[in-house]
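Structure, as structure tokens:
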Amino acid sequence: MSKIIVRGGRRLSGRVRIHGAKNAVLPIIAASILGIDGESVIYDAPLLDDVIVINKVLESLGVEVEYINETIRVNAQSIRTCEASYELVRKMRASFLVMGPLLTRMGQARISLPGGCAIGTRPIDQHLKGFEAMGAEIELGQGYIEARVNGRLKGAKIYLDVASVGATENIMMAASLAEGTTTIENAAKEPEIVDLANYLNAMGAKIRGAGTGLIRIDGVEKLTGTVHTVIPDRIEAGTYMIAAAITKSDVYIEGAIGDHLRPVISKLQEMGVQIEEDENGLRVFTDKPLRTVDVKTLPYPGFPTDMQSQMMALLLTADGTGIVTETVFENRFMHVEQLVNMNAQIKVDGRSAIISGGSRLRGAKVCATDLRAGAALILAALVAEGETEVTGIHHIDRGYVNITDKLSGLGADIQRLSIEPAAEEAEAETISIFAVSPSMA
Ligand SMILES: CC(=O)N[C@H]1[C@@H](OP(=O)(O)OP(=O)(O)OC[C@H]2O[C@@H](n3ccc(=O)[nH]c3=O)[C@H](O)[C@@H]2O)O[C@H](CO)[C@@H](O)[C@@H]1O
Ligand SMILES: C=C(OP(=O)(O)O)C(=O)O
């Protein structure tokens, strides 16, 4: 158990390196189950708690996984069981992404229901609708979803009612080994979908149209392990862009891909932040007061919901009143109450939050209620008067590699403290069984 202490008021400067994308590496690890022959080598796999959990899910299925220095080697030649237990799936919703690969390769899968979480109910009906269209029989019982098919899944025409990232990925993986052609209409277009399609194609799949609303998958008989480098994390990059903007600093975000960050770049520029792009990353700088903007979250290429809370923290420091509308998740304003504890002026009205910029933020004891809420609290703390103590750090560890080291490397006054040293030691020991990195070995 840890907490993060931030003393606000420092300007930032220098470079920060962006790690591989959490939301790309998780489906890619799940897709490795499809490699009947050979080994997959996945480079730039960020050392995050979520990555450790999905590796454990694969190991529980009998897959061999080795994770050293941001490189994962997966050997999925033999699968022992097709059941992913509640103990693992409850820790991370993305574990449900093993359903598609298991079902299509093994003809069956039994996965614990992932359930809701702090940001919304997050149903999986679109995943199941896709599997059923391909001929699977689905049964729900005792907290598990069981899917079975006689022989191979059959290619189908699938229209998603919502452009779900997870459903697009799960169906794309299942369709890769199905008999015939599958089309996914109203598919999600996120860069992480494209990265997964590139990985699957390198394994031998035939996928076209990833990154557009219409994906076509011609099923093949066999997929084999391959070598792949994960794309940089656009949400981590966006979070450091806001760290630069909120502290009126000058920071180079190494590895950030401008094309993946268009809506974030455009909103920051509208506010008066200067951004320079080159082939290696983005320079974000400003020393002037910022103008407020309105922001509405939408599926890609719209403004990402995973950047909504961080953007809200920034709007608190801008001149004027801005409105943030969350359209992707129905309950993603949990950070508001915590920001209000820091003297933020925010009113929530249904799916919109009205943010009055300009009131002085004050350090407080706050709690990260989810991953991006935690990021927003740290960002607000960077400019708050006095000391902020952030608890609920396990959420932040799901998605940010070494956030305290990275920010203190840029000059922030931030440190991570152990609340109960004995408990943390035990936690670190468990993690080191599954992951060896220079800092942990
Ligand atoms: C591991 C990962 O990649 N996580 C990302 C992924 O989550 P995830 O894949 O879970 O998000 P989805 O795109 O599926 O969810 C978007 C919306 O669709 C709804 N929905 C989804 C599936 C379904 O079967 N039925 C349904 O109604 C959800 O409740 C939500 O309101 O995309 C989200 C939206 O960009 C991001 O916030 C998450 O960081
Ligand atoms: C909501 C997020 O992730 P997940 O879908 O893994 O909960 C996120 O990355 O902000």
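Going by the structure tokens order, chains are called A, B, ..., each with residues numbered from 1, while ligands are numbered from 1 in the order shown.
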Any chance you could tabulate, as JSON lines, the residues of chain A at most 10 Å from ligand 2 with each one's nearest atom pair and distance in Å to one decimal, using only C-alpha atoms and all ligand atoms, in chain and rising number order?
```
{"residue": "A:Ala21", "atom": "CA", "partner": "ligand 2", "partner_atom_place_in_ligand_line": "9 (O)", "distance": 9.5}
{"residue": "A:Lys22", "atom": "CA", "partner": "ligand 2", "partner_atom_place_in_ligand_line": "9 (O)", "distance": 7.2}
{"residue": "A:Asn23", "atom": "CA", "partner": "ligand 2", "partner_atom_place_in_ligand_line": "9 (O)", "distance": 6.7}
{"residue": "A:Leu26", "atom": "CA", "partner": "ligand 2", "partner_atom_place_in_ligand_line": "6 (O)", "distance": 8.6}
{"residue": "A:Asp50", "atom": "CA", "partner": "ligand 2", "partner_atom_place_in_ligand_line": "6 (O)", "distance": 7.6}
{"residue": "A:Lys91", "atom": "CA", "partner": "ligand 2", "partner_atom_place_in_ligand_line": "7 (O)", "distance": 9.8}
{"residue": "A:Met92", "atom": "CA", "partner": "ligand 2", "partner_atom_place_in_ligand_line": "6 (O)", "distance": 6.4}
{"residue": "A:Arg93", "atom": "CA", "partner": "ligand 2", "partner_atom_place_in_ligand_line": "6 (O)", "distance": 6.1}
{"residue": "A:Ala94", "atom": "CA", "partner": "ligand 2", "partner_atom_place_in_ligand_line": "6 (O)", "distance": 5.7}
{"residue": "A:Ser95", "atom": "CA", "partner": "ligand 2", "partner_atom_place_in_ligand_line": "6 (O)", "distance": 9.0}
{"residue": "A:Gly116", "atom": "CA", "partner": "ligand 2", "partner_atom_place_in_ligand_line": "7 (O)", "distance": 9.7}
{"residue": "A:Cys117", "atom": "CA", "partner": "ligand 2", "partner_atom_place_in_ligand_line": "7 (O)", "distance": 7.7}
{"residue": "A:Ala118", "atom": "CA", "partner": "ligand 2", "partner_atom_place_in_ligand_line": "7 (O)", "distance": 8.9}
{"residue": "A:Ile119", "atom": "CA", "partner": "ligand 2", "partner_atom_place_in_ligand_line": "1 (C)", "distance": 7.4}
{"residue": "A:Gly120", "atom": "CA", "partner": "ligand 2", "partner_atom_place_in_ligand_line": "1 (C)", "distance": 9.6}
{"residue": "A:Arg122", "atom": "CA", "partner": "ligand 2", "partner_atom_place_in_ligand_line": "5 (O)", "distance": 9.1}
{"residue": "A:Val165", "atom": "CA", "partner": "ligand 2", "partner_atom_place_in_ligand_line": "5 (O)", "distance": 9.2}
{"residue": "A:Gly166", "atom": "CA", "partner": "ligand 2", "partner_atom_place_in_ligand_line": "5 (O)", "distance": 8.4}
{"residue": "A:Ile235", "atom": "CA", "partner": "ligand 2", "partner_atom_place_in_ligand_line": "9 (O)", "distance": 7.8}
{"residue": "A:Glu236", "atom": "CA", "partner": "ligand 2", "partner_atom_place_in_ligand_line": "9 (O)", "distance": 9.4}
{"residue": "A:Pro304", "atom": "CA", "partner": "ligand 2", "partner_atom_place_in_ligand_line": "10 (O)", "distance": 9.3}
{"residue": "A:Thr305", "atom": "CA", "partner": "ligand 2", "partner_atom_place_in_ligand_line": "10 (O)", "distance": 7.5}
{"residue": "A:Asp306", "atom": "CA", "partner": "ligand 2", "partner_atom_place_in_ligand_line": "10 (O)", "distance": 4.5}
{"residue": "A:Met307", "atom": "CA", "partner": "ligand 2", "partner_atom_place_in_ligand_line": "10 (O)", "distance": 7.8}
{"residue": "A:Gln308", "atom": "CA", "partner": "ligand 2", "partner_atom_place_in_ligand_line": "10 (O)", "distance": 9.5}
{"residue": "A:Ser309", "atom": "CA", "partner": "ligand 2", "partner_atom_place_in_ligand_line": "10 (O)", "distance": 9.7}
{"residue": "A:Phe329", "atom": "CA", "partner": "ligand 2", "partner_atom_place_in_ligand_line": "1 (C)", "distance": 9.2}
{"residue": "A:Arg332", "atom": "CA", "partner": "ligand 2", "partner_atom_place_in_ligand_line": "1 (C)", "distance": 9.3}
{"residue": "A:Asp370", "atom": "CA", "partner": "ligand 2", "partner_atom_place_in_ligand_line": "10 (O)", "distance": 7.9}
{"residue": "A:Leu371", "atom": "CA", "partner": "ligand 2", "partner_atom_place_in_ligand_line": "10 (O)", "distance": 5.8}
{"residue": "A:Arg372", "atom": "CA", "partner": "ligand 2", "partner_atom_place_in_ligand_line": "10 (O)", "distance": 5.4}
{"residue": "A:Ala373", "atom": "CA", "partner": "ligand 2", "partner_atom_place_in_ligand_line": "10 (O)", "distance": 8.7}
{"residue": "A:Ala375", "atom": "CA", "partner": "ligand 2", "partner_atom_place_in_ligand_line": "10 (O)", "distance": 9.8}
{"residue": "A:His395", "atom": "CA", "partner": "ligand 2", "partner_atom_place_in_ligand_line": "7 (O)", "distance": 9.4}
{"residue": "A:Ile396", "atom": "CA", "partner": "ligand 2", "partner_atom_place_in_ligand_line": "10 (O)", "distance": 9.6}
{"residue": "A:Arg398", "atom": "CA", "partner": "ligand 2", "partner_atom_place_in_ligand_line": "6 (O)", "distance": 7.9}
{"residue": "A:Gly399", "atom": "CA", "partner": "ligand 2", "partner_atom_place_in_ligand_line": "9 (O)", "distance": 6.4}
{"residue": "A:Tyr400", "atom": "CA", "partner": "ligand 2", "partner_atom_place_in_ligand_line": "9 (O)", "distance": 9.5}
```
Selection near Lys248 of chain A, 8 Å with only C-alpha atoms, sequence-local residues under 6 positions removed, as an MDAnalysis selection string: chainID A and resid 11:12 285:288
Preceding selection exported with N, CA and C atoms as a PDB file, in the first residue's frame:
```
ATOM      1  N   ARG A  11       7.707  24.462 -11.776  1.00  0.00           N
ATOM      2  CA  ARG A  11       7.682  24.364 -13.242  1.00  0.00           C
ATOM      3  C   ARG A  11       8.389  23.069 -13.657  1.00  0.00           C
ATOM      4  N   LEU A  12       8.009  22.512 -14.800  1.00  0.00           N
ATOM      5  CA  LEU A  12       8.648  21.283 -15.290  1.00  0.00           C
ATOM      6  C   LEU A  12       9.517  21.607 -16.498  1.00  0.00           C
ATOM      7  N   PHE A 285       4.618  23.454 -24.784  1.00  0.00           N
ATOM      8  CA  PHE A 285       5.107  24.556 -23.956  1.00  0.00           C
ATOM      9  C   PHE A 285       4.129  25.727 -23.932  1.00  0.00           C
ATOM     10  N   THR A 286       4.168  26.436 -22.824  1.00  0.00           N
ATOM     11  CA  THR A 286       3.341  27.633 -22.659  1.00  0.00           C
ATOM     12  C   THR A 286       3.812  28.378 -21.419  1.00  0.00           C
ATOM     13  N   ASP A 287       3.676  29.705 -21.432  1.00  0.00           N
ATOM     14  CA  ASP A 287       3.924  30.451 -20.187  1.00  0.00           C
ATOM     15  C   ASP A 287       2.864  31.535 -20.009  1.00  0.00           C
ATOM     16  N   LYS A 288       1.773  31.415 -20.802  1.00  0.00           N
ATOM     17  CA  LYS A 288       0.721  32.443 -20.753  1.00  0.00           C
ATOM     18  C   LYS A 288      -0.557  31.868 -20.122  1.00  0.00           C
TER      19      LYS A 288
END
```
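Proximity to ligand 1 was assessed for A:Glu139, A:Glu254, A:Glu330, A:Glu185 counting only C-alpha atoms and all ligand atoms; the smallest distance is recorded for A:Glu330.
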Spatial neighbours of Val383 of chain A, max dist 9 Å, only C-alpha atoms, sep filter under 3 positions, as a ChimeraX atom specification: /A:7-11,246-247,317,360-363,379-380,386
Alpha helix (DSSP H) positions in segment 68-289 of chain A, given as a ChimeraX atom specification: /A:86-89,99-106,125-133,165-176,191-203,234-246,262-271
So that I can check the secondary structure, give me every residue of segment 15-250 of chain A assigned strand (DSSP E or B) by backbone DSSP, as a ChimeraX atom specification. /A:15-17,20,35-37,39-43,64-68,71-75,83-84,108-112,117,120,137-141,144-148,154,157-159,179,181-185,206-208,210,212,214-218,223-224,227-229,232,250
Write the selection just made, keeping C-alpha atoms, as a PDB file, in the first residue's frame?
```pdb
ATOM      1  CA  ARG A  15      12.103  15.047 -21.662  1.00  0.00           C
ATOM      2  CA  VAL A  16       9.834  12.196 -20.669  1.00  0.00           C
ATOM      3  CA  ARG A  17       9.778   8.839 -22.472  1.00  0.00           C
ATOM      4  CA  GLY A  20       4.115   1.049 -24.757  1.00  0.00           C
ATOM      5  CA  GLY A  35      -0.294 -18.990 -31.938  1.00  0.00           C
ATOM      6  CA  ILE A  36      -0.461 -22.766 -32.257  1.00  0.00           C
ATOM      7  CA  ASP A  37       3.161 -22.939 -33.453  1.00  0.00           C
ATOM      8  CA  GLU A  39       6.744 -18.253 -29.943  1.00  0.00           C
ATOM      9  CA  SER A  40       5.556 -14.636 -29.900  1.00  0.00           C
ATOM     10  CA  VAL A  41       7.945 -11.901 -28.827  1.00  0.00           C
ATOM     11  CA  ILE A  42       6.288  -8.635 -27.803  1.00  0.00           C
ATOM     12  CA  TYR A  43       8.585  -5.626 -27.366  1.00  0.00           C
ATOM     13  CA  GLU A  64       4.125 -20.221 -21.088  1.00  0.00           C
ATOM     14  CA  VAL A  65       4.888 -16.539 -20.479  1.00  0.00           C
ATOM     15  CA  GLU A  66       8.218 -14.903 -19.730  1.00  0.00           C
ATOM     16  CA  TYR A  67       8.396 -11.155 -18.990  1.00  0.00           C
ATOM     17  CA  ILE A  68      11.845  -9.561 -18.836  1.00  0.00           C
ATOM     18  CA  THR A  71       9.795  -7.930 -23.527  1.00  0.00           C
ATOM     19  CA  ILE A  72       7.201 -10.687 -23.289  1.00  0.00           C
ATOM     20  CA  ARG A  73       7.750 -14.106 -24.799  1.00  0.00           C
ATOM     21  CA  VAL A  74       4.626 -16.234 -25.170  1.00  0.00           C
ATOM     22  CA  ASN A  75       4.557 -19.899 -26.084  1.00  0.00           C
ATOM     23  CA  GLU A  83     -11.471 -21.483 -18.001  1.00  0.00           C
ATOM     24  CA  ALA A  84     -10.428 -18.042 -16.718  1.00  0.00           C
ATOM     25  CA  GLN A 108     -14.951 -23.549 -25.949  1.00  0.00           C
ATOM     26  CA  ALA A 109     -14.273 -20.982 -23.248  1.00  0.00           C
ATOM     27  CA  ARG A 110     -15.558 -20.406 -19.727  1.00  0.00           C
ATOM     28  CA  ILE A 111     -14.789 -16.926 -18.442  1.00  0.00           C
ATOM     29  CA  SER A 112     -15.937 -15.234 -15.271  1.00  0.00           C
ATOM     30  CA  CYS A 117     -16.523  -0.936 -12.379  1.00  0.00           C
ATOM     31  CA  GLY A 120     -19.884   2.392 -15.522  1.00  0.00           C
ATOM     32  CA  GLU A 137     -23.753 -21.136 -28.098  1.00  0.00           C
ATOM     33  CA  ILE A 138     -23.576 -18.933 -25.064  1.00  0.00           C
ATOM     34  CA  GLU A 139     -24.707 -19.841 -21.562  1.00  0.00           C
ATOM     35  CA  LEU A 140     -24.634 -17.710 -18.462  1.00  0.00           C
ATOM     36  CA  GLY A 141     -24.572 -19.263 -15.015  1.00  0.00           C
ATOM     37  CA  TYR A 144     -19.491 -17.387 -15.619  1.00  0.00           C
ATOM     38  CA  ILE A 145     -20.078 -17.111 -19.350  1.00  0.00           C
ATOM     39  CA  GLU A 146     -19.641 -20.336 -21.216  1.00  0.00           C
ATOM     40  CA  ALA A 147     -19.287 -20.342 -25.007  1.00  0.00           C
ATOM     41  CA  ARG A 148     -19.108 -23.435 -27.195  1.00  0.00           C
ATOM     42  CA  LYS A 154     -18.315 -19.492 -39.085  1.00  0.00           C
ATOM     43  CA  LYS A 157     -21.747 -10.156 -40.918  1.00  0.00           C
ATOM     44  CA  ILE A 158     -21.763  -8.339 -37.563  1.00  0.00           C
ATOM     45  CA  TYR A 159     -23.059  -4.838 -36.898  1.00  0.00           C
ATOM     46  CA  GLU A 179     -14.284 -20.573 -41.485  1.00  0.00           C
ATOM     47  CA  THR A 181     -15.292 -14.157 -44.016  1.00  0.00           C
ATOM     48  CA  THR A 182     -16.448 -11.948 -41.145  1.00  0.00           C
ATOM     49  CA  THR A 183     -17.274  -8.270 -41.470  1.00  0.00           C
ATOM     50  CA  ILE A 184     -17.555  -5.945 -38.487  1.00  0.00           C
ATOM     51  CA  GLU A 185     -19.632  -2.849 -39.209  1.00  0.00           C
ATOM     52  CA  LYS A 206      -6.050 -11.771 -43.100  1.00  0.00           C
ATOM     53  CA  ILE A 207      -7.558  -8.581 -41.741  1.00  0.00           C
ATOM     54  CA  ARG A 208      -8.307  -5.463 -43.776  1.00  0.00           C
ATOM     55  CA  ALA A 210      -8.692  -1.923 -39.197  1.00  0.00           C
ATOM     56  CA  THR A 212     -12.013   2.277 -40.262  1.00  0.00           C
ATOM     57  CA  LEU A 214     -15.668  -1.574 -41.570  1.00  0.00           C
ATOM     58  CA  ILE A 215     -13.269  -4.429 -40.841  1.00  0.00           C
ATOM     59  CA  ARG A 216     -13.120  -7.540 -43.014  1.00  0.00           C
ATOM     60  CA  ILE A 217     -11.509 -10.726 -41.722  1.00  0.00           C
ATOM     61  CA  ASP A 218     -10.925 -13.730 -43.975  1.00  0.00           C
ATOM     62  CA  LEU A 223      -1.775 -18.717 -36.810  1.00  0.00           C
ATOM     63  CA  THR A 224       1.808 -18.804 -35.569  1.00  0.00           C
ATOM     64  CA  VAL A 227       7.557 -10.563 -33.300  1.00  0.00           C
ATOM     65  CA  HIS A 228       5.854  -7.231 -32.611  1.00  0.00           C
ATOM     66  CA  THR A 229       6.594  -3.840 -31.026  1.00  0.00           C
ATOM     67  CA  PRO A 232       3.349   4.169 -27.645  1.00  0.00           C
ATOM     68  CA  ASP A 250       8.253  23.257 -21.543  1.00  0.00           C
TER      69      ASP A 250
END
```
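Those residues that approach Ile346 of chain A to within 10 Å, counting only C-alpha atoms, are Met312, Leu316, Thr321, Gly322, Ile323, Val336, Glu337, Leu339, Val340, Ala353, Ile354, Ile355, Ser356 and Gly357 of chain A; same-chain residues fewer than 4 positions away are not listed.
When only C-alpha atoms are used to measure the gap to Val220 of chain A, the shortest distance among A:Val149, A:Ile378, A:Leu34, A:Leu268 belongs to A:Leu34.
Summary of the local environment: counting only C-alpha atoms, residues at most 9 Å from Val251 of chain A, other than itself and those fewer than 6 positions away along its chain, are Leu12, Ser13, Gly14, Arg15, Val16, Tyr240, Met241, Ala243, Ala244, Ala245, Leu282, Arg283, Val284, Phe285 and Leu410 of chain A.
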If you keep N, CA and C atoms, can you produce a file of those selected residues as a PDB file, in the first residue's frame?
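This is the output file result_21.pdb:
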```pdb
ATOM      1  N   LEU A  12       8.009  22.512 -14.800  1.00  0.00           N
ATOM      2  CA  LEU A  12       8.648  21.283 -15.290  1.00  0.00           C
ATOM      3  C   LEU A  12       9.517  21.607 -16.498  1.00  0.00           C
ATOM      4  N   SER A  13      10.531  20.788 -16.731  1.00  0.00           N
ATOM      5  CA  SER A  13      11.311  20.947 -17.966  1.00  0.00           C
ATOM      6  C   SER A  13      12.009  19.633 -18.267  1.00  0.00           C
ATOM      7  N   GLY A  14      12.390  19.457 -19.526  1.00  0.00           N
ATOM      8  CA  GLY A  14      13.133  18.263 -19.920  1.00  0.00           C
ATOM      9  C   GLY A  14      12.309  17.325 -20.781  1.00  0.00           C
ATOM     10  N   ARG A  15      12.720  16.053 -20.774  1.00  0.00           N
ATOM     11  CA  ARG A  15      12.103  15.047 -21.662  1.00  0.00           C
ATOM     12  C   ARG A  15      11.499  13.925 -20.828  1.00  0.00           C
ATOM     13  N   VAL A  16      10.417  13.361 -21.326  1.00  0.00           N
ATOM     14  CA  VAL A  16       9.834  12.196 -20.669  1.00  0.00           C
ATOM     15  C   VAL A  16       9.552  11.151 -21.748  1.00  0.00           C
ATOM     16  N   TYR A 240       1.045  13.528 -19.894  1.00  0.00           N
ATOM     17  CA  TYR A 240       2.246  14.372 -19.714  1.00  0.00           C
ATOM     18  C   TYR A 240       2.121  15.682 -20.486  1.00  0.00           C
ATOM     19  N   MET A 241       1.374  15.679 -21.586  1.00  0.00           N
ATOM     20  CA  MET A 241       1.127  16.951 -22.295  1.00  0.00           C
ATOM     21  C   MET A 241       0.384  17.909 -21.366  1.00  0.00           C
ATOM     22  N   ALA A 243       0.409  17.724 -18.108  1.00  0.00           N
ATOM     23  CA  ALA A 243       1.324  18.099 -17.006  1.00  0.00           C
ATOM     24  C   ALA A 243       2.134  19.335 -17.418  1.00  0.00           C
ATOM     25  N   ALA A 244       2.576  19.364 -18.674  1.00  0.00           N
ATOM     26  CA  ALA A 244       3.344  20.521 -19.161  1.00  0.00           C
ATOM     27  C   ALA A 244       2.463  21.763 -19.205  1.00  0.00           C
ATOM     28  N   ALA A 245       1.242  21.600 -19.729  1.00  0.00           N
ATOM     29  CA  ALA A 245       0.350  22.760 -19.898  1.00  0.00           C
ATOM     30  C   ALA A 245      -0.103  23.314 -18.551  1.00  0.00           C
ATOM     31  N   LEU A 282       6.704  15.092 -29.290  1.00  0.00           N
ATOM     32  CA  LEU A 282       6.011  16.382 -29.265  1.00  0.00           C
ATOM     33  C   LEU A 282       6.630  17.281 -28.213  1.00  0.00           C
ATOM     34  N   ARG A 283       6.826  18.557 -28.569  1.00  0.00           N
ATOM     35  CA  ARG A 283       7.241  19.533 -27.549  1.00  0.00           C
ATOM     36  C   ARG A 283       5.994  20.322 -27.161  1.00  0.00           C
ATOM     37  N   VAL A 284       5.715  20.394 -25.865  1.00  0.00           N
ATOM     38  CA  VAL A 284       4.518  21.091 -25.374  1.00  0.00           C
ATOM     39  C   VAL A 284       4.994  22.217 -24.478  1.00  0.00           C
ATOM     40  N   PHE A 285       4.618  23.454 -24.784  1.00  0.00           N
ATOM     41  CA  PHE A 285       5.107  24.556 -23.956  1.00  0.00           C
ATOM     42  C   PHE A 285       4.129  25.727 -23.932  1.00  0.00           C
ATOM     43  N   LEU A 410      11.202  15.449 -14.283  1.00  0.00           N
ATOM     44  CA  LEU A 410      10.918  16.715 -14.983  1.00  0.00           C
ATOM     45  C   LEU A 410      10.973  17.910 -14.026  1.00  0.00           C
TER      46      LEU A 410
END
```
Mind checking which residues fall within 7 Å of Glu326 of chain A, counting only C-alpha atoms, ignoring those fewer than 4 positions away in the same chain, and posting them as a VMD selection string? chain A and resid 296 to 297 305 351 to 352
Please produce an output containing C-alpha atoms for each residue in the selection, written as a short mmCIF file (atom, residue, chain, number, x, y, z; two decimals), in the first residue's frame.
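As a result, result23.cif now contains:
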```
data_model
loop_
_atom_site.label_atom_id
_atom_site.label_comp_id
_atom_site.auth_asym_id
_atom_site.auth_seq_id
_atom_site.Cartn_x
_atom_site.Cartn_y
_atom_site.Cartn_z
CA LYS A 296 -17.08 16.21 -25.43
CA THR A 297 -15.73 12.66 -25.23
CA THR A 305 -12.78 9.44 -22.54
CA ARG A 351 -23.51 13.80 -18.34
CA SER A 352 -21.95 17.30 -18.27
#
```
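The interatomic distance for the pair atom CA of Gly255 of chain A and atom CA of Ala31 of chain A works out to 24.6 Å.
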If I take atom CA of Ala197 of chain A and atom CA of Met173 of chain A, how far is one from the other in Å, to one decimal? 8.6 Å
